[in-house]
Every structure is written in structure tokens, then in C-alpha cells.
file entry26.txt (compact mmCIF, C-alpha atoms and all ligand atoms)
# COMPACT_ATOMS: atom_id res chain seq x y z
CA MET A 1 0.00 0.00 0.00
CA SER A 2 1.38 3.41 -0.85
CA LEU A 3 0.21 6.90 0.02
CA GLU A 4 1.86 9.99 -1.45
CA LEU A 5 0.92 13.51 -0.50
CA TYR A 6 1.69 16.51 -2.68
CA SER A 7 1.65 19.39 -0.26
CA PHE A 8 3.15 22.70 0.79
CA TRP A 9 4.27 22.99 4.42
CA ARG A 10 2.34 26.23 5.09
CA SER A 11 -0.80 25.36 3.10
CA SER A 12 -3.78 24.97 5.39
CA ALA A 13 -5.55 22.54 3.06
CA SER A 14 -2.45 20.30 3.05
CA TYR A 15 -2.17 20.62 6.82
CA ARG A 16 -5.77 19.29 7.16
CA VAL A 17 -4.92 16.13 5.24
CA ARG A 18 -1.67 15.58 7.15
CA ILE A 19 -3.61 15.65 10.43
CA ALA A 20 -6.15 13.17 9.05
CA LEU A 21 -3.44 10.80 7.80
CA ASN A 22 -1.76 10.92 11.21
CA LEU A 23 -5.02 10.41 13.13
CA LYS A 24 -5.54 7.31 10.99
CA SER A 25 -1.91 6.25 11.67
CA LEU A 26 -1.22 6.05 7.94
CA PRO A 27 2.39 6.44 6.80
CA TYR A 28 2.86 8.55 3.66
CA VAL A 29 5.54 10.11 1.50
CA THR A 30 5.56 13.92 1.10
CA HIS A 31 6.25 15.63 -2.23
CA GLY A 32 6.81 19.31 -1.48
CA ILE A 33 5.25 21.71 -4.00
CA ASP A 34 6.59 25.17 -3.22
CA LEU A 35 3.86 27.74 -3.84
CA THR A 36 6.40 30.56 -3.43
CA LYS A 37 9.20 29.31 -5.71
CA ASP A 38 9.64 29.79 -9.48
CA GLY A 39 6.37 31.74 -9.67
CA GLY A 40 4.66 28.83 -7.89
CA GLN A 41 5.61 25.21 -8.55
CA GLN A 42 1.90 24.37 -8.58
CA PHE A 43 1.76 25.91 -12.07
CA GLY A 44 4.68 23.86 -13.44
CA ALA A 45 3.97 21.31 -16.16
CA ALA A 46 4.98 18.39 -13.92
CA TYR A 47 2.50 19.25 -11.16
CA ARG A 48 -0.27 20.13 -13.62
CA GLN A 49 -0.12 16.49 -14.68
CA VAL A 50 -0.82 15.55 -11.06
CA ASN A 51 -3.52 18.18 -10.44
CA PRO A 52 -4.80 20.26 -13.36
CA GLN A 53 -6.26 22.76 -10.85
CA SER A 54 -2.71 23.67 -9.73
CA ARG A 55 -3.55 23.51 -6.05
CA VAL A 56 -2.35 21.44 -3.14
CA PRO A 57 -2.99 18.96 -1.65
CA THR A 58 -3.19 15.95 -3.92
CA LEU A 59 -3.19 12.46 -2.42
CA VAL A 60 -2.16 9.44 -4.46
CA HIS A 61 -3.27 6.10 -3.04
CA ASP A 62 -1.93 3.11 -4.95
CA GLY A 63 -1.91 5.14 -8.17
CA GLU A 64 -5.39 6.65 -7.67
CA ARG A 65 -5.28 10.47 -7.48
CA PHE A 66 -7.52 12.58 -5.27
CA THR A 67 -7.71 16.34 -4.77
CA GLN A 68 -9.82 18.58 -2.48
CA SER A 69 -8.85 18.14 1.15
CA LEU A 70 -12.34 17.35 2.46
CA ALA A 71 -12.96 14.74 -0.24
CA ILE A 72 -9.58 13.23 0.64
CA ILE A 73 -10.37 13.13 4.36
CA GLU A 74 -13.78 11.53 3.71
CA TYR A 75 -12.08 8.96 1.46
CA LEU A 76 -9.47 8.10 4.08
CA ASP A 77 -12.20 7.73 6.69
CA GLU A 78 -14.22 5.39 4.48
CA VAL A 79 -11.34 3.22 3.32
CA PHE A 80 -9.12 2.90 6.37
CA PRO A 81 -9.97 1.64 9.86
CA GLY A 82 -9.02 3.42 13.06
CA ALA A 83 -10.17 6.71 14.52
CA ARG A 84 -13.44 7.93 12.95
CA LEU A 85 -13.06 11.43 11.55
CA ILE A 86 -16.67 11.71 10.40
CA PRO A 87 -19.27 10.40 12.87
CA LYS A 88 -21.70 7.67 11.88
CA ASP A 89 -24.85 9.36 13.15
CA PRO A 90 -26.35 11.58 10.39
CA VAL A 91 -26.94 14.54 12.74
CA ASP A 92 -23.40 14.43 14.14
CA ARG A 93 -22.03 13.90 10.65
CA ALA A 94 -23.89 16.95 9.32
CA HIS A 95 -22.53 19.08 12.18
CA VAL A 96 -18.97 18.02 11.43
CA ARG A 97 -19.39 18.66 7.70
CA MET A 98 -21.04 22.02 8.38
CA LEU A 99 -18.11 23.20 10.50
CA SER A 100 -15.57 21.83 8.02
CA ASN A 101 -17.27 23.55 5.10
CA LEU A 102 -17.51 26.81 6.98
CA ILE A 103 -13.71 26.90 7.01
CA ALA A 104 -12.91 25.17 3.73
CA CYS A 105 -15.54 26.94 1.59
CA ASP A 106 -16.14 30.26 3.31
CA ILE A 107 -12.80 31.30 4.82
CA GLN A 108 -9.81 29.62 3.17
CA PRO A 109 -10.60 30.58 -0.45
CA LEU A 110 -10.51 34.26 0.56
CA GLN A 111 -7.07 33.96 2.15
CA ASN A 112 -5.60 31.77 -0.60
CA THR A 113 -2.39 32.83 -2.37
CA ALA A 114 -4.06 33.14 -5.79
CA THR A 115 -6.77 35.38 -4.31
CA THR A 116 -4.40 37.79 -2.57
CA LYS A 117 -2.14 37.80 -5.64
CA TYR A 118 -5.12 38.92 -7.72
CA LEU A 119 -5.95 41.66 -5.22
CA ARG A 120 -2.35 42.88 -5.33
CA GLU A 121 -1.59 42.56 -9.04
CA LYS A 122 -4.94 43.08 -10.80
CA LEU A 123 -6.77 45.33 -8.34
CA SER A 124 -3.61 47.19 -7.18
CA LEU A 125 -4.42 46.84 -3.47
CA ASP A 126 -1.47 47.50 -1.16
CA ASP A 127 -0.40 45.19 1.69
CA GLY A 128 -2.36 47.22 4.27
CA LYS A 129 -5.60 46.80 2.34
CA ILE A 130 -4.92 43.12 1.68
CA ASN A 131 -4.33 42.56 5.40
CA ASP A 132 -7.64 44.30 6.13
CA TRP A 133 -9.31 41.95 3.64
CA LEU A 134 -7.73 38.85 5.24
CA ARG A 135 -8.60 39.85 8.79
CA GLU A 136 -12.17 40.72 7.82
CA TRP A 137 -13.02 37.34 6.26
CA ILE A 138 -11.10 35.27 8.79
CA THR A 139 -12.78 37.09 11.70
CA ARG A 140 -16.25 36.77 10.20
CA GLY A 141 -15.67 33.05 9.62
CA LEU A 142 -14.24 32.30 13.06
CA ASP A 143 -17.01 34.36 14.73
CA ALA A 144 -19.52 32.11 12.96
CA TYR A 145 -17.64 28.90 13.83
CA ASN A 146 -17.52 29.98 17.46
CA ALA A 147 -21.25 30.85 17.46
CA HIS A 148 -22.10 27.42 16.04
CA LEU A 149 -20.11 25.69 18.80
CA GLU A 150 -21.94 27.72 21.44
CA ARG A 151 -25.27 26.40 20.10
CA ASP A 152 -24.13 22.83 19.45
CA PRO A 153 -25.55 20.60 22.21
CA VAL A 154 -22.62 18.20 21.73
CA HIS A 155 -19.96 19.95 23.80
CA GLY A 156 -16.60 18.36 24.45
CA ARG A 157 -12.85 18.70 24.22
CA PHE A 158 -12.99 19.06 20.44
CA SER A 159 -15.20 20.86 17.90
CA HIS A 160 -17.91 18.21 18.08
CA GLY A 161 -17.58 15.87 21.02
CA ASP A 162 -14.66 14.31 22.84
CA SER A 163 -12.66 12.98 19.92
CA PRO A 164 -11.13 14.86 17.02
CA THR A 165 -13.07 14.94 13.75
CA MET A 166 -12.68 16.41 10.27
CA ALA A 167 -13.81 19.74 11.76
CA ASP A 168 -10.70 19.82 13.97
CA CYS A 169 -8.56 18.89 10.94
CA CYS A 170 -9.87 22.18 9.48
CA LEU A 171 -9.93 24.32 12.62
CA VAL A 172 -6.31 23.86 13.72
CA PRO A 173 -4.81 24.90 10.34
CA GLN A 174 -7.28 27.80 10.13
CA LEU A 175 -6.17 29.08 13.55
CA TYR A 176 -2.54 28.75 12.42
CA ALA A 177 -3.37 30.84 9.32
CA ALA A 178 -5.36 33.33 11.41
CA GLN A 179 -2.33 33.98 13.57
CA ARG A 180 -0.15 34.37 10.49
CA PHE A 181 -2.51 37.01 9.11
CA GLY A 182 -2.85 38.91 12.39
CA VAL A 183 -6.07 37.52 13.92
CA ASP A 184 -5.41 36.47 17.50
CA PRO A 185 -7.08 33.09 18.28
CA ALA A 186 -7.13 34.12 21.97
CA LYS A 187 -10.16 36.22 21.01
CA TYR A 188 -12.01 32.88 20.90
CA PRO A 189 -11.38 31.10 24.25
CA ARG A 190 -13.36 28.00 23.25
CA LEU A 191 -11.50 27.64 19.95
CA ALA A 192 -8.19 28.29 21.69
CA LEU A 193 -8.95 25.50 24.17
CA ILE A 194 -9.81 23.05 21.38
CA ASN A 195 -6.58 24.07 19.65
CA GLU A 196 -4.68 23.38 22.86
CA ASN A 197 -6.34 19.96 23.27
CA CYS A 198 -5.38 19.09 19.70
CA SER A 199 -1.83 20.29 20.21
CA THR A 200 -1.26 17.63 22.91
CA MET A 201 -1.81 14.85 20.34
CA ALA A 202 1.09 13.49 18.29
CA ALA A 203 -1.09 13.39 15.16
CA PHE A 204 -1.49 17.16 15.28
CA GLN A 205 2.09 17.83 16.42
CA HIS A 206 3.64 15.89 13.54
CA ALA A 207 1.36 17.59 11.01
CA HIS A 208 2.44 21.09 12.08
CA PRO A 209 3.92 23.17 9.22
CA SER A 210 7.23 23.66 11.05
CA LYS A 211 7.74 19.85 11.17
CA GLN A 212 7.44 19.30 7.41
CA PRO A 213 10.41 18.19 5.30
CA ASP A 214 9.80 21.07 2.85
CA ALA A 215 9.44 23.77 5.56
CA HIS A 216 11.51 26.92 5.16
N1 LIG B 301 -10.66 23.49 -1.72
C1 LIG B 301 -9.30 23.08 -1.85
C2 LIG B 301 -8.39 24.27 -1.65
C3 LIG B 301 -6.97 23.99 -2.08
C4 LIG B 301 -6.15 25.26 -2.05
O1 LIG B 301 -6.64 26.37 -2.23
N2 LIG B 301 -4.87 25.10 -1.78
C5 LIG B 301 -4.01 26.24 -1.74
C6 LIG B 301 -3.02 26.15 -0.59
S1 LIG B 301 -3.89 26.11 0.97
C7 LIG B 301 -3.21 26.32 -3.04
O2 LIG B 301 -2.79 25.32 -3.56
N3 LIG B 301 -3.00 27.54 -3.55
C8 LIG B 301 -2.25 27.71 -4.75
C9 LIG B 301 -2.57 29.01 -5.42
O3 LIG B 301 -3.32 29.78 -4.85
O4 LIG B 301 -2.03 29.26 -6.50
C10 LIG B 301 -8.99 21.98 -0.82
O5 LIG B 301 -9.66 21.95 0.21
O6 LIG B 301 -8.10 21.15 -1.06
call {"tool": "encode", "arguments": {"input": "entry26.txt", "output": "C-alpha cells", "more": "lines below"}}
Ligand SMILES: N[C@@H](CCC(=O)N[C@@H](CS)C(=O)NCC(=O)O)C(=O)O
result
Amino acid sequence: MSLELYSFWRSSASYRVRIALNLKSLPYVTHGIDLTKDGGQQFGAAYRQVNPQSRVPTLVHDGERFTQSLAIIEYLDEVFPGARLIPKDPVDRAHVRMLSNLIACDIQPLQNTATTKYLREKLSLDDGKINDWLREWITRGLDAYNAHLERDPVHGRFSHGDSPTMADCCLVPQLYAAQRFGVDPAKYPRLALINENCSTMAAFQHAHPSKQPDAH
């Protein structure tokens, strides 16, 4: 069995999949795709063959290629035994998907490299305005995530209950990105606590950007 992950150390979508692979105790080989080098290695001919969308991550499992981090995490959960990342019960499952989508669909695309590059190069926004943009969308998204947790009757040490799910695979990288872009996670005590609980687990520690072979 072979698992290969095309990823960039700082990419939050790649970080999600690394956490999921580790929670499932699945060994994998990393292929670093540097989004900051040579105008972005994701646009190179070699990587376009792997993923025509020119984004990371891509997971290759025994020759089968998958993109889109949430689709990858769902696939891993369905195919491999071990910790369940998406609960069985339809209500719990919908909660976990809702939280995951809130981050993956409504926050991350607005902080993505290609988006901020467009703001800078095509719309001539300066760094100050781009930072305002980033903080605005990240704050609105995390406010909403936090509000959902307050209403969710399933409280626990993680986003939904007492074991980590796909939602936590999304939350931890999003809080890492938030900090990078100047939004202090301490503003959200509940989210900060979940982040702390995750950070005690080896699966999350080993997935951290600073621990990746391509980190710089
Ligand atoms: N919805 C995709 C998002 C993938 C994505 O946007 N990846 C970013 C890094 S986090 C990327 O490759 N950006 C390259 C670019 O913007 O050119 C997923 O969840 O996998």
C-alpha cells in the first residue's frame, strides 16, 4: 500500500490532510510543492499532470489520485480503519461537515495565495488593504464557527464531542493561518482551548507546518 501527499508545508488545506493521515496512523511520503518558488511550482507542467487545478494537496493512493482536502479526508475515513473522523450518526455527521465547510468553503478561499495575488496585481491593493481583507473574512468566519459551537448541544474537548473529527482537521490549520494574518485566536477562548487539546496529540504535532520536510 502506498500513500503519497503533494503538499506545501504552510498550506492549510495540506495541513488538514496531514492531520487526518496521522489520526488514521497512515504512513505517507511527502512531495513538497513550493507555492512561493519559481512563480509557484503548482503551475509547473509536472505538477499540472498531477492536479490540473494547480492547487495542493493531492493524495495518491496506490496510483489513484484525489484532490480537495475534504474529499480526501472523507475517502481516508471510508477506506481505512481506526479513529473515525466523520461520525456515523447523520446529525453528528452533518454538524462536522457544516463546520468543516464553513472553514474550507467560506474562509480559506478568501485567504488563498491566488486570491491575494489577484488583489495585489490586478486590483492594485497594497499590503495594508490586503491585510484588512484577510482579517475581515477570517474574523467573520471564526465568529460564525464559534457561534455554532456555542449552540451545538454536543460539547466536548474538540469541535464536536470528545474525539477529534474532520472539523478539527480544518480548525487547527485555520487558527494557524489566522495567527499568520494577524487575527489572535485568543479572542475565541473556546477555539483556543480546542486548539490546545489538539496540540497535545502526536497526530497534530507531527502535522504542524514547522515539522514538514519542505518547511523553510
Ligand atoms: N478546496 C481546496 C483548496 C486547495 C487550495 O486552495 N490550496 C491552496 C493552498 S492552501 C493552493 O494550492 N493555492 C495555490 C494558489 O493559490 O495558487 C482543498 O480543500 O483542497
call {"tool": "residues_around", "arguments": {"input": "entry26.txt", "residues": "range 16-22 of chain A", "least_positions_apart": "5", "cutoff": "9 Å", "atoms": "all atoms listed in the file", "output": "PyMOL selection string"}}
result
chain A and resi 5+7+11+27-28+57+59+69-70+72-73+76-77+85+165-166+168-173+202-208
call {"tool": "residues_near_ligand", "arguments": {"input": "entry26.txt", "ligand": "ligand LIG 301 (chain B)", "cutoff": "9 Å", "atoms": "all atoms listed in the file", "output": "VMD selection string"}}
result
chain A and resid 7 to 8 10 to 17 33 35 40 to 43 53 to 58 67 to 72 104 to 105 108 to 109 111 to 117
call {"tool": "closest_residue", "arguments": {"input": "entry26.txt", "among": "A:Lys24, A:Asp92, A:Phe80, A:Thr30", "to": "Pro153 in chain A", "atoms": "all atoms listed in the file"}}
result
A:Asp92
call {"tool": "closest_residue", "arguments": {"input": "entry26.txt", "among": "A:Lys122, A:Pro213, A:Asp106, A:Asp152", "to": "Arg140 in chain A", "atoms": "all atoms listed in the file"}}
result
A:Asp106
call {"tool": "atom_distance", "arguments": {"input": "entry26.txt", "atom1": "CA of Ala186 in chain A", "atom2": "CA of Gln174 in chain A"}}
result
13.4 Å
call {"tool": "atom_distance", "arguments": {"input": "entry26.txt", "atom1": "CA of Gln212 in chain A", "atom2": "CA of Trp9 in chain A"}}
result
5.7 Å
call {"tool": "axis_aligned_box", "arguments": {"input": "entry26.txt", "around": "range 61-77 of chain A", "padding_each_side": "3 Å", "output": "AutoDock Vina command-line options"}}
result
--center_x -7.8 --center_y 10.8 --center_z -0.7 --size_x 17.9 --size_y 21.5 --size_z 20.9
call {"tool": "residues_near_point", "arguments": {"input": "entry26.txt", "point": "(-2.0, 32.1, 14.4)", "cutoff": "10 Å", "atoms": "only C-alpha atoms", "output": "list in words"}}
result
Val172, Pro173, Gln174, Leu175, Tyr176, Ala177, Ala178, Gln179, Arg180, Phe181, Gly182, Val183, Asp184, Pro185 and Ala186 of chain A
call {"tool": "closest_residue", "arguments": {"input": "entry26.txt", "among": "A:Tyr118, A:Arg157, A:Ser124, A:Asn101", "to": "Ala144 in chain A", "atoms": "all atoms listed in the file"}}
result
A:Asn101
call {"tool": "atom_distance", "arguments": {"input": "entry26.txt", "atom1": "CA of Ile138 in chain A", "atom2": "CA of Val96 in chain A"}}
result
19.1 Å
